[in-house]
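Structure file start_21.cif (mmCIF, C-alpha atoms and all ligand atoms) is printed below.
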```
data_upload
#
loop_
_atom_site.label_atom_id
_atom_site.label_comp_id
_atom_site.auth_asym_id
_atom_site.auth_seq_id
_atom_site.Cartn_x
_atom_site.Cartn_y
_atom_site.Cartn_z
CA MET P 1 100.60 80.22 73.39
CA PRO P 2 102.28 76.79 73.70
CA GLN P 3 100.63 74.11 75.80
CA GLN P 4 102.02 71.19 77.76
CA ASN P 5 99.72 68.46 79.03
CA GLY P 6 96.84 70.86 78.78
CA LYS P 7 98.53 73.49 80.93
CA VAL P 8 99.09 76.84 79.32
CA ILE P 9 102.75 77.72 79.27
CA ARG P 10 103.23 81.25 80.42
CA ASN P 11 105.88 82.59 78.10
CA HIS P 12 106.12 86.05 79.57
CA GLU P 13 106.21 84.82 83.11
CA GLY P 14 109.21 82.73 82.17
CA HIS P 15 111.25 85.82 81.73
CA LEU P 16 110.10 87.10 85.12
CA LEU P 17 111.29 83.87 86.67
CA GLU P 18 114.69 84.37 85.11
CA LEU P 19 114.91 87.97 86.32
CA MET P 20 114.15 86.84 89.85
CA ASP P 21 116.63 84.00 89.60
CA GLU P 22 119.28 86.44 88.35
CA ASP P 23 118.63 88.65 91.37
CA VAL P 24 118.83 85.71 93.75
CA GLN P 25 122.08 84.60 92.13
CA SER P 26 123.60 88.08 92.18
CA VAL P 27 122.86 88.37 95.88
CA ASN P 28 124.52 85.00 96.41
CA ALA P 29 127.50 85.92 94.25
CA PHE P 30 127.98 89.14 96.18
CA LYS P 31 127.71 87.46 99.56
CA THR P 32 130.10 84.70 98.54
CA ARG P 33 132.64 87.22 97.26
CA ILE P 34 132.56 89.05 100.54
CA MET P 35 133.00 85.81 102.41
CA LEU P 36 135.94 84.79 100.21
CA SER P 37 137.47 88.23 100.53
CA ARG P 38 137.20 87.93 104.28
CA GLU P 39 138.88 84.52 104.25
CA ASP P 40 141.69 85.71 101.99
CA ASP P 41 141.97 88.93 103.85
CA SER P 42 145.15 89.86 105.57
CA SER P 43 145.30 92.45 108.33
CA THR P 44 145.76 95.12 105.65
CA SER P 45 142.27 94.62 104.31
CA GLU P 46 141.66 98.14 103.07
CA HIS P 47 140.57 96.97 99.67
CA VAL P 48 137.46 94.99 100.35
CA VAL P 49 134.04 95.56 101.77
CA LYS P 50 134.22 96.31 105.45
CA LYS P 51 132.00 96.38 108.52
CA GLN P 52 130.38 92.99 108.28
CA LYS P 53 128.29 91.31 110.92
CA ARG P 54 128.56 87.59 111.54
CA HIS P 55 126.17 86.70 108.74
CA GLY P 56 126.13 90.25 107.67
CA ALA P 57 127.36 90.08 104.13
CA GLU P 58 124.09 91.76 103.31
CA ASN P 59 124.80 94.50 105.81
CA ASP P 60 123.71 97.84 104.43
CA ASN P 61 126.64 99.61 106.05
CA CYS P 62 129.18 97.98 103.73
CA THR P 63 131.58 100.35 102.07
CA VAL P 64 133.77 99.84 99.04
CA ASP P 65 137.28 101.14 98.67
CA LYS P 66 138.94 101.34 95.27
CA THR P 67 142.47 100.63 96.48
CA PRO P 68 144.14 98.14 94.10
CA VAL P 69 143.97 94.55 95.24
CA ASP P 70 146.41 91.72 95.11
CA GLN P 71 145.74 88.80 92.83
CA ASN P 72 144.45 86.46 95.50
CA THR P 73 141.51 88.52 96.62
CA ILE P 74 138.15 88.89 94.95
CA PRO P 75 137.27 92.55 94.95
CA VAL P 76 133.72 93.79 95.09
CA SER P 77 133.16 96.54 92.57
CA GLU P 78 130.93 99.52 93.16
CA ASP P 79 128.79 98.37 90.28
CA GLU P 80 128.32 94.97 91.83
CA PHE P 81 127.57 96.58 95.15
CA ARG P 82 124.86 98.74 93.55
CA GLN P 83 123.39 95.79 91.67
CA TYR P 84 123.33 93.84 94.89
CA HIS P 85 121.30 96.51 96.63
CA GLN P 86 118.84 96.82 93.76
CA ALA P 87 118.46 93.07 93.66
CA LYS P 88 118.13 92.82 97.38
CA SER P 89 114.80 94.62 97.67
CA ARG P 90 113.19 92.46 94.99
CA VAL P 91 114.74 89.34 96.43
CA ARG P 92 113.38 90.28 99.85
CA GLU P 93 109.76 90.10 98.68
CA PHE P 94 110.45 86.88 96.87
CA TYR P 95 111.84 85.29 100.03
CA ARG P 96 108.94 86.52 102.13
CA GLU P 97 106.61 84.44 99.99
CA GLN P 98 108.99 81.48 99.74
CA HIS P 99 109.58 81.29 103.48
CA GLU P 100 105.88 81.51 104.28
CA LYS P 101 104.79 78.88 101.78
CA GLN P 102 107.50 76.22 101.95
CA THR P 103 105.76 74.13 104.62
CA MET P 104 105.89 70.43 105.39
CA ALA P 105 102.36 70.06 103.98
CA PHE P 106 103.33 71.76 100.73
CA ASN P 107 106.53 69.72 100.39
CA LEU P 108 104.78 66.40 100.92
CA GLN P 109 102.17 67.32 98.32
CA ALA P 110 104.82 68.50 95.83
CA ARG P 111 106.50 65.10 96.01
CA VAL P 112 103.20 63.26 95.63
CA ASN P 113 102.45 65.39 92.57
CA PHE P 114 105.88 64.72 91.14
CA LYS P 115 105.58 60.97 91.53
CA THR P 116 102.01 60.56 90.38
CA LYS P 117 101.81 62.87 87.38
CA SER P 118 103.53 62.72 84.05
CA ARG P 119 104.47 66.06 82.59
CA ALA P 120 106.45 65.77 79.37
CA ARG P 121 108.78 63.38 77.57
CA MET P 122 111.71 64.78 75.60
CA THR P 123 115.47 64.58 75.24
CA ILE P 124 117.76 66.51 77.57
CA TRP P 125 118.84 68.75 74.70
CA GLU P 126 115.25 69.47 73.72
CA ALA P 127 114.48 70.37 77.32
CA LEU P 128 117.46 72.75 77.43
CA CYS P 129 116.32 74.47 74.26
CA LYS P 130 112.72 74.57 75.43
CA LEU P 131 113.66 76.10 78.78
CA SER P 132 115.82 78.66 77.09
CA MET P 133 113.08 79.55 74.66
CA LEU P 134 110.33 79.77 77.26
CA ILE P 135 112.33 81.90 79.59
CA ASP P 136 114.28 84.13 77.26
CA ASP P 137 111.97 84.65 74.34
CA SER P 138 109.91 87.50 75.68
CA ASP P 139 112.77 89.98 75.82
CA PRO P 140 115.00 90.25 72.75
CA ASP P 141 117.38 92.62 74.55
CA THR P 142 118.05 90.29 77.39
CA GLU P 143 121.57 89.23 78.18
CA LEU P 144 120.18 86.29 80.04
CA SER P 145 119.89 82.88 78.56
CA GLN P 146 119.38 79.55 80.20
CA ILE P 147 121.33 77.69 77.56
CA ASP P 148 124.19 80.20 77.77
CA HIS P 149 124.42 79.70 81.52
CA ALA P 150 124.28 75.92 81.07
CA LEU P 151 127.06 76.00 78.46
CA GLN P 152 129.18 78.56 80.32
CA THR P 153 129.05 76.49 83.48
CA ALA P 154 129.82 73.25 81.62
CA GLU P 155 132.60 74.81 79.53
CA ALA P 156 134.26 76.37 82.58
CA ILE P 157 134.27 72.95 84.25
CA ARG P 158 135.60 71.35 81.08
CA ALA P 159 138.32 73.99 80.66
CA ASP P 160 139.56 73.16 84.16
CA GLY P 161 140.01 69.53 83.13
CA LYS P 162 137.27 68.25 85.44
CA PRO P 163 135.64 64.86 84.72
CA ARG P 164 132.96 64.40 82.11
CA TRP P 165 130.24 63.69 84.65
CA MET P 166 130.89 67.07 86.26
CA GLN P 167 130.74 68.81 82.90
CA LEU P 168 127.31 67.27 82.44
CA VAL P 169 126.24 68.55 85.85
CA GLY P 170 127.22 72.01 84.67
CA LEU P 171 125.00 71.57 81.65
CA ILE P 172 121.89 70.26 83.40
CA HIS P 173 122.02 71.62 86.96
CA ASP P 174 119.34 74.26 86.28
CA LEU P 175 117.27 72.24 83.86
CA GLY P 176 114.75 71.63 86.65
CA LYS P 177 113.51 75.18 86.16
CA ILE P 178 111.32 73.69 83.48
CA LEU P 179 109.15 72.76 86.45
CA TYR P 180 107.88 76.34 86.34
CA PHE P 181 105.96 75.53 83.19
CA PHE P 182 104.37 72.37 84.56
CA ASP P 183 103.40 72.10 88.19
CA SER P 184 104.70 75.11 90.05
CA GLU P 185 102.55 77.44 92.10
CA GLY P 186 104.84 80.42 91.49
CA GLN P 187 108.50 81.38 91.44
CA TRP P 188 108.90 80.55 95.12
CA ASP P 189 108.66 76.77 94.54
CA VAL P 190 111.16 76.81 91.65
CA VAL P 191 114.10 79.11 92.44
CA GLY P 192 115.85 80.64 95.46
CA ASP P 193 118.01 79.22 98.21
CA THR P 194 116.82 75.94 99.70
CA PHE P 195 116.69 74.69 103.30
CA PRO P 196 115.49 71.67 105.31
CA ILE P 197 111.79 71.17 106.07
CA GLY P 198 110.67 69.48 109.29
CA CYS P 199 113.16 71.04 111.66
CA GLN P 200 114.13 74.50 112.89
CA PHE P 201 114.79 77.10 110.20
CA ALA P 202 118.41 78.02 110.85
CA ASP P 203 119.52 81.60 111.47
CA GLU P 204 121.89 81.27 108.54
CA ILE P 205 119.04 81.17 106.01
CA ILE P 206 118.72 84.44 104.10
CA PHE P 207 115.85 86.63 105.42
CA GLN P 208 115.22 84.15 108.22
CA GLU P 209 112.74 86.55 109.82
CA PHE P 210 110.14 85.73 107.16
CA PHE P 211 109.67 82.24 108.57
CA LYS P 212 107.49 83.87 111.21
CA GLY P 213 104.70 83.61 108.65
CA ASN P 214 105.28 79.88 108.09
CA PRO P 215 102.98 77.65 110.20
CA ASP P 216 105.82 75.13 110.65
CA ASP P 217 107.76 77.78 112.55
CA SER P 218 105.33 77.45 115.45
CA HIS P 219 104.74 73.69 115.07
CA PRO P 220 105.85 71.86 118.25
CA ILE P 221 108.02 69.35 116.37
CA TYR P 222 108.99 71.07 113.11
CA SER P 223 110.20 74.13 114.97
CA SER P 224 112.54 72.20 117.26
CA LYS P 225 116.22 71.95 116.41
CA LEU P 226 116.09 68.32 115.31
CA GLY P 227 112.45 68.28 114.32
CA ILE P 228 111.56 64.94 112.77
CA TYR P 229 115.24 63.98 112.35
CA GLU P 230 117.97 62.41 114.45
CA ASP P 231 121.43 63.74 115.15
CA ASN P 232 123.75 63.12 112.21
CA CYS P 233 121.06 61.20 110.34
CA GLY P 234 122.55 62.24 107.01
CA LEU P 235 121.15 64.71 104.50
CA ASN P 236 119.75 61.88 102.45
CA SER P 237 117.08 61.48 105.13
CA VAL P 238 116.34 65.20 105.24
CA MET P 239 113.60 66.79 103.18
CA ILE P 240 114.96 69.85 101.38
CA SER P 241 112.56 72.56 100.24
CA TRP P 242 111.01 71.87 96.87
CA GLY P 243 112.37 73.61 93.79
CA HIS P 244 114.37 73.08 90.60
CA ASP P 245 117.21 71.39 92.48
CA GLU P 246 115.11 68.67 94.10
CA TYR P 247 113.08 68.13 90.97
CA MET P 248 116.14 67.71 88.73
CA TYR P 249 117.81 65.52 91.34
CA TYR P 250 114.92 63.05 91.23
CA ILE P 251 114.98 62.99 87.44
CA ALA P 252 118.75 62.47 87.27
CA LYS P 253 118.71 59.90 90.05
CA SER P 254 116.08 57.74 88.38
CA GLN P 255 117.04 58.18 84.72
CA SER P 256 120.80 58.68 84.57
CA THR P 257 123.93 56.85 85.63
CA LEU P 258 125.41 59.97 87.24
CA ASN P 259 127.39 59.22 90.41
CA GLU P 260 126.53 60.36 93.92
CA LYS P 261 128.79 63.42 93.75
CA ALA P 262 127.03 64.60 90.62
CA LEU P 263 123.64 64.01 92.21
CA ALA P 264 124.69 65.95 95.32
CA MET P 265 125.83 68.89 93.17
CA ILE P 266 122.45 68.97 91.45
CA ARG P 267 120.46 68.49 94.63
CA TYR P 268 122.26 70.90 96.93
CA HIS P 269 123.56 73.66 94.67
CA SER P 270 121.02 76.18 96.08
CA PHE P 271 121.42 74.96 99.67
CA TYR P 272 123.48 78.04 100.60
CA PRO P 273 122.75 77.93 104.35
CA TRP P 274 124.57 74.58 104.31
CA HIS P 275 127.30 74.82 101.70
CA ARG P 276 128.30 78.43 102.34
CA GLU P 277 127.01 79.49 105.74
CA GLY P 278 127.90 76.32 107.64
CA ALA P 279 124.44 75.56 109.04
CA TYR P 280 122.87 72.16 109.75
CA ARG P 281 126.13 70.38 110.57
CA TYR P 282 124.22 68.40 113.22
CA LEU P 283 122.20 66.65 110.52
CA MET P 284 125.25 65.58 108.51
CA ASN P 285 126.89 62.19 108.45
CA LYS P 286 130.41 61.34 107.32
CA LYS P 287 129.46 61.02 103.69
CA ASP P 288 127.87 64.47 103.66
CA TYR P 289 131.23 66.09 104.47
CA GLU P 290 132.63 64.54 101.34
CA MET P 291 129.63 65.78 99.36
CA LEU P 292 129.94 69.25 100.90
CA SER P 293 133.33 69.87 99.35
CA GLU P 294 132.04 68.60 96.00
CA VAL P 295 129.07 70.97 96.10
CA GLN P 296 131.33 73.86 97.08
CA ALA P 297 133.66 73.04 94.20
CA PHE P 298 130.72 73.11 91.82
CA ASN P 299 129.29 76.36 93.23
CA ARG P 300 132.26 78.39 92.00
CA TYR P 301 131.42 77.47 88.42
CA ASP P 302 127.72 78.15 88.90
CA LEU P 303 128.27 81.62 90.35
CA TYR P 304 131.26 82.89 88.44
CA SER P 305 131.05 81.47 84.95
CA LYS P 306 128.25 83.85 83.97
CA ASN P 307 128.70 86.28 81.11
CA LEU P 308 132.27 85.34 80.34
CA THR P 309 131.93 83.96 76.85
CA LYS P 310 129.04 83.43 74.52
CA TYR P 311 129.50 80.00 73.01
CA ASP P 312 128.52 78.81 69.58
CA LEU P 313 125.66 76.44 70.20
CA LYS P 314 126.07 74.59 66.89
CA GLU P 315 129.75 74.04 67.46
CA LEU P 316 129.35 72.66 70.97
CA GLN P 317 126.21 70.63 70.41
CA PRO P 318 127.87 67.39 69.18
CA TYR P 319 130.19 67.30 72.20
CA TYR P 320 127.34 67.73 74.65
CA LEU P 321 125.00 65.35 72.85
CA ASP P 322 127.68 62.66 73.31
CA LEU P 323 128.06 63.59 76.93
CA ILE P 324 124.31 63.36 77.53
CA ASP P 325 124.18 59.95 75.82
CA GLU P 326 126.99 58.70 78.03
CA PHE P 327 125.04 59.24 81.23
CA PHE P 328 121.41 59.15 80.16
CA PRO P 329 120.92 55.71 78.59
CA LYS P 330 117.32 56.44 77.64
CA LYS P 331 117.10 59.04 74.92
CA HIS P 332 113.73 60.40 75.94
CA ILE P 333 113.46 61.53 79.52
CA ASP P 334 110.29 61.75 81.57
CA PHE P 335 110.17 65.22 83.03
FE FE Z 401 120.15 76.59 90.12
FE FE Z 402 123.02 77.82 87.78
#
```

When written as structure tokens, how does the structure in this file appear?
Amino acid sequence: MPQQNGKVIRNHEGHLLELMDEDVQSVNAFKTRIMLSREDDSSTSEHVVKKQKRHGAENDNCTVDKTPVDQNTIPVSEDEFRQYHQAKSRVREFYREQHEKQTMAFNLQARVNFKTKSRARMTIWEALCKLSMLIDDSDPDTELSQIDHALQTAEAIRADGKPRWMQLVGLIHDLGKILYFFDSEGQWDVVGDTFPIGCQFADEIIFQEFFKGNPDDSHPIYSSKLGIYEDNCGLNSVMISWGHDEYMYYIAKSQSTLNEKALAMIRYHSFYPWHREGAYRYLMNKKDYEMLSEVQAFNRYDLYSKNLTKYDLKELQPYYLDLIDEFFPKKHIDF
């Protein structure tokens, strides 16, 4: 069993992390499709999922109609609908634990740990390969692969003629999952949607009811709307729940020359209550609105580039090694 800084790396658990992350993502993809369908929907909306509540994309009463759709809508297939429901029960238990354990105390400690410990030093490419190996190795039949998702996201961004920095974001946005093999306490502090800590948990957060088990939810300050923050203080001043997004953001911020849009895409890509559901507007400043549209633009590639094409790693490697070198001046990165 491989070891890192004396900590045993749990190969088989890596695959479990990926399965959970897949479920979380499929729930998000389904909910986003419904939301987009609703936005695109005309009054003759026979073809898409019906009977939704306000935040009720997860509503169990949804029905699917197989009437052909026009090109501008994103249909929800029966298969996707079934997968969503299977995923949803597993995701539910995951979020119960995440919502109970993501406290202010935990988040402060996670940042202290991050800043005071050294975990591993390697190149970005090595980290991508390592993550892929650790997560995917235990199941030879799996369709899932970290490096495939990284390349698919990056290649979809590249194919759309987006800038090089954004292509690199596609490649590295999930690299922070490597945290699972170093310091994490479970899956709940690595993957899943993220949300602010230190103020009220918004209704728009998935499975909001599970915050009842979080001590911060009854804390006199942390449970108030503004909590420790001020109106429109800007998201930069807000502590977002700890996970692969925050972790990778800190690494990219301190060791790359990536611009603020790129850093926002990395940092907020799992912040669904904000970038999809419209919550926490009262904490945003002017700049955050600019960042919001950037994060939303990135999210399409993250959610919908999966399983399209399997790329030849050898063929693409030189292109992406150049891209990494362009924005990470130091070859070996401290993870
Ligand atoms: Fe992610
Ligand atoms: Fe991703």

List the neighbours of Gln102 (chain P) out to 10 Å using only C-alpha atoms; skip same-chain residues closer than 6 positions along the sequence, and give me the result as a list in words.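 Returned residues: Trp188, Asp189, Thr194, Phe195, Pro196, Ile197, Phe211, Asn214, Pro215, Asp216, Ile240, Ser241, Trp242 and Gly243 of chain P.
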
Nearest to ligand FE 402 (chain Z): which of P:Gly186, P:Gly192, P:Gly14, P:Gly161 is it, counting only C-alpha atoms and all ligand atoms?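 Smallest distance to ligand FE 402 (chain Z) is found for P:Gly192.
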
Taking all atoms listed in the file into account, which residues are within 9 Å of ligand FE 401 (chain Z), as a VMD selection string? chain P and resid 21 25 173 to 177 191 to 193 244 to 245 266 269 to 270 302

Which residue out of P:Lys31, P:Ile147, P:Glu18, P:Gly227 has the minimum interatomic distance to Ile135 (chain P) when only C-alpha atoms are used? P:Glu18

Applying 12 Å and all atoms listed in the file, which residues near Arg90 (chain P) remain after dropping the ones on its own chain fewer than 5 positions away? List them as a PyMOL selection string. chain P and resi 16+19-24+26-27+83-85+95-97

Export of the given selection (C-alpha atoms) as a PDB file, in the coordinates of the input:
```pdb
ATOM      1  CA  LEU P  16     110.100  87.100  85.120  1.00  0.00           C
ATOM      2  CA  LEU P  19     114.910  87.970  86.320  1.00  0.00           C
ATOM      3  CA  MET P  20     114.150  86.840  89.850  1.00  0.00           C
ATOM      4  CA  ASP P  21     116.630  84.000  89.600  1.00  0.00           C
ATOM      5  CA  GLU P  22     119.280  86.440  88.350  1.00  0.00           C
ATOM      6  CA  ASP P  23     118.630  88.650  91.370  1.00  0.00           C
ATOM      7  CA  VAL P  24     118.830  85.710  93.750  1.00  0.00           C
ATOM      8  CA  SER P  26     123.600  88.080  92.180  1.00  0.00           C
ATOM      9  CA  VAL P  27     122.860  88.370  95.880  1.00  0.00           C
ATOM     10  CA  GLN P  83     123.390  95.790  91.670  1.00  0.00           C
ATOM     11  CA  TYR P  84     123.330  93.840  94.890  1.00  0.00           C
ATOM     12  CA  HIS P  85     121.300  96.510  96.630  1.00  0.00           C
ATOM     13  CA  TYR P  95     111.840  85.290 100.030  1.00  0.00           C
ATOM     14  CA  ARG P  96     108.940  86.520 102.130  1.00  0.00           C
ATOM     15  CA  GLU P  97     106.610  84.440  99.990  1.00  0.00           C
TER      16      GLU P  97
END
```

Can you pull out every residue within 12 Å of Asn113 (chain P), counting all atoms listed in the file, but drop anything in the same chain fewer than 5 positions away, and send it as an mmCIF file with C-alpha atoms, in the frame of the given file?
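Written output follows (selection-v7.cif):
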```cif
data_model
loop_
_atom_site.group_PDB
_atom_site.id
_atom_site.type_symbol
_atom_site.label_atom_id
_atom_site.label_comp_id
_atom_site.auth_asym_id
_atom_site.auth_seq_id
_atom_site.Cartn_x
_atom_site.Cartn_y
_atom_site.Cartn_z
ATOM 1 C CA PHE P 106 103.330 71.760 100.730
ATOM 2 C CA ASN P 107 106.530 69.720 100.390
ATOM 3 C CA LEU P 108 104.780 66.400 100.920
ATOM 4 C CA SER P 118 103.530 62.720 84.050
ATOM 5 C CA ARG P 119 104.470 66.060 82.590
ATOM 6 C CA LEU P 179 109.150 72.760 86.450
ATOM 7 C CA PHE P 182 104.370 72.370 84.560
ATOM 8 C CA ASP P 183 103.400 72.100 88.190
ATOM 9 C CA SER P 184 104.700 75.110 90.050
ATOM 10 C CA TRP P 242 111.010 71.870 96.870
ATOM 11 C CA TYR P 247 113.080 68.130 90.970
#
```
